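Okay, so here's the structure we're looking at.
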Amino acid sequence: WCDEVVTDVAMGALLEQVDEVHVLTSLAGFEALLRGKLVVCYGLPFYAGWGLTQDVEPVPRRRRRLSVNELVAGTLIAYPTYVSRRTGRYISPEQALDELLAWREAAGRPNRAWQQLRRAVLRLTVARP
């Protein structure tokens, strides 16, 4: 059961407030592991069964233990294939991170076309003295 349902809050901010996280298969459990929190799994997410979580169900297909660093390396570096949003070509994890950072920075400032459209709308709709 849960004590409270919280919405519209960043997961990182919530995880700072708790000692442990209980999940079925949520990525919140993975984020909690990254922050050193105790994670109890009732389902079988990709991060269960490696010795990092308390698993309610056994995960017999896992035959070794991983460190958090090994899990992160497998999950974010070795396993995935990254494709550039700009070129549509395969890129390295480092290049993907660079694109994500650039995308985040660009999201903070409107592009030139948007600024021009906004000015035109304001000229048409805002009454002048």
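Each chain in the structure tokens gets a letter, A, B and so on, in the order shown; residues start at 1 in every chain, and ligands are counted from 1 in the order they appear.
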
- Hey, what's within 6 Å of A:Lys37 if we count only C-alpha atoms and toss same-chain stuff fewer than 4 positions away? As a PyMOL selection string, please? chain A and resi 20+32-33

- Enumerate, as a ChimeraX atom specification, the complete set of residues in stretch 9-118 of chain A that a backbone-based DSSP assignment places in strand (DSSP E or B). /A:20-23,38-41,54-55,82-83,90-91

So that I have them on file, write out the residues from the current selection with C-alpha atoms, as a tab-separated table (two decimals), in the first residue's frame.
chain	number	residue	atom	x	y	z
A	20	GLU	CA	13.57	2.84	-0.18
A	21	VAL	CA	11.48	2.32	-3.29
A	22	HIS	CA	9.05	-0.53	-4.03
A	23	VAL	CA	8.32	-1.21	-7.70
A	38	LEU	CA	17.15	0.23	-1.36
A	39	VAL	CA	14.88	-1.13	-4.12
A	40	VAL	CA	12.30	-3.88	-3.59
A	41	CYS	CA	11.04	-5.48	-6.82
A	54	GLN	CA	15.47	-7.21	-2.93
A	55	ASP	CA	13.47	-9.42	-5.26
A	82	TYR	CA	21.84	5.20	-30.46
A	83	VAL	CA	20.66	7.11	-33.53
A	90	TYR	CA	24.20	5.52	-35.66
A	91	ILE	CA	26.21	7.36	-33.03

- Neighbours of A:Leu52 within 8 Å (only C-alpha atoms; same-chain residues fewer than 4 positions away dropped), as JSON, numbers by chain? {"A": [33, 39, 47, 48, 65, 66, 67, 68]}

Give me a file of those residues, with N, CA and C atoms, as a PDB file, in the first residue's frame.
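Saved to part_17.pdb:
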ATOM      1  N   LEU A  33      18.319   2.986  -7.664  1.00  0.00           N
ATOM      2  CA  LEU A  33      19.605   2.285  -7.565  1.00  0.00           C
ATOM      3  C   LEU A  33      20.765   3.232  -7.841  1.00  0.00           C
ATOM      4  N   VAL A  39      15.973  -0.918  -3.169  1.00  0.00           N
ATOM      5  CA  VAL A  39      14.884  -1.131  -4.122  1.00  0.00           C
ATOM      6  C   VAL A  39      14.317  -2.532  -3.916  1.00  0.00           C
ATOM      7  N   TYR A  47      16.655  -4.579 -14.100  1.00  0.00           N
ATOM      8  CA  TYR A  47      17.671  -4.393 -13.067  1.00  0.00           C
ATOM      9  C   TYR A  47      17.501  -5.344 -11.885  1.00  0.00           C
ATOM     10  N   ALA A  48      16.477  -6.207 -11.911  1.00  0.00           N
ATOM     11  CA  ALA A  48      16.249  -7.172 -10.830  1.00  0.00           C
ATOM     12  C   ALA A  48      17.112  -8.419 -11.033  1.00  0.00           C
ATOM     13  N   ARG A  65      26.308 -11.757 -10.181  1.00  0.00           N
ATOM     14  CA  ARG A  65      26.001 -10.496  -9.511  1.00  0.00           C
ATOM     15  C   ARG A  65      26.693  -9.374 -10.270  1.00  0.00           C
ATOM     16  N   LEU A  66      26.059  -8.217 -10.275  1.00  0.00           N
ATOM     17  CA  LEU A  66      26.637  -7.044 -10.926  1.00  0.00           C
ATOM     18  C   LEU A  66      26.755  -5.915  -9.920  1.00  0.00           C
ATOM     19  N   SER A  67      27.704  -5.050 -10.155  1.00  0.00           N
ATOM     20  CA  SER A  67      27.762  -3.789  -9.415  1.00  0.00           C
ATOM     21  C   SER A  67      26.836  -2.806 -10.132  1.00  0.00           C
ATOM     22  N   VAL A  68      26.523  -1.712  -9.481  1.00  0.00           N
ATOM     23  CA  VAL A  68      25.705  -0.683 -10.133  1.00  0.00           C
ATOM     24  C   VAL A  68      26.421  -0.175 -11.385  1.00  0.00           C
TER      25      VAL A  68
END
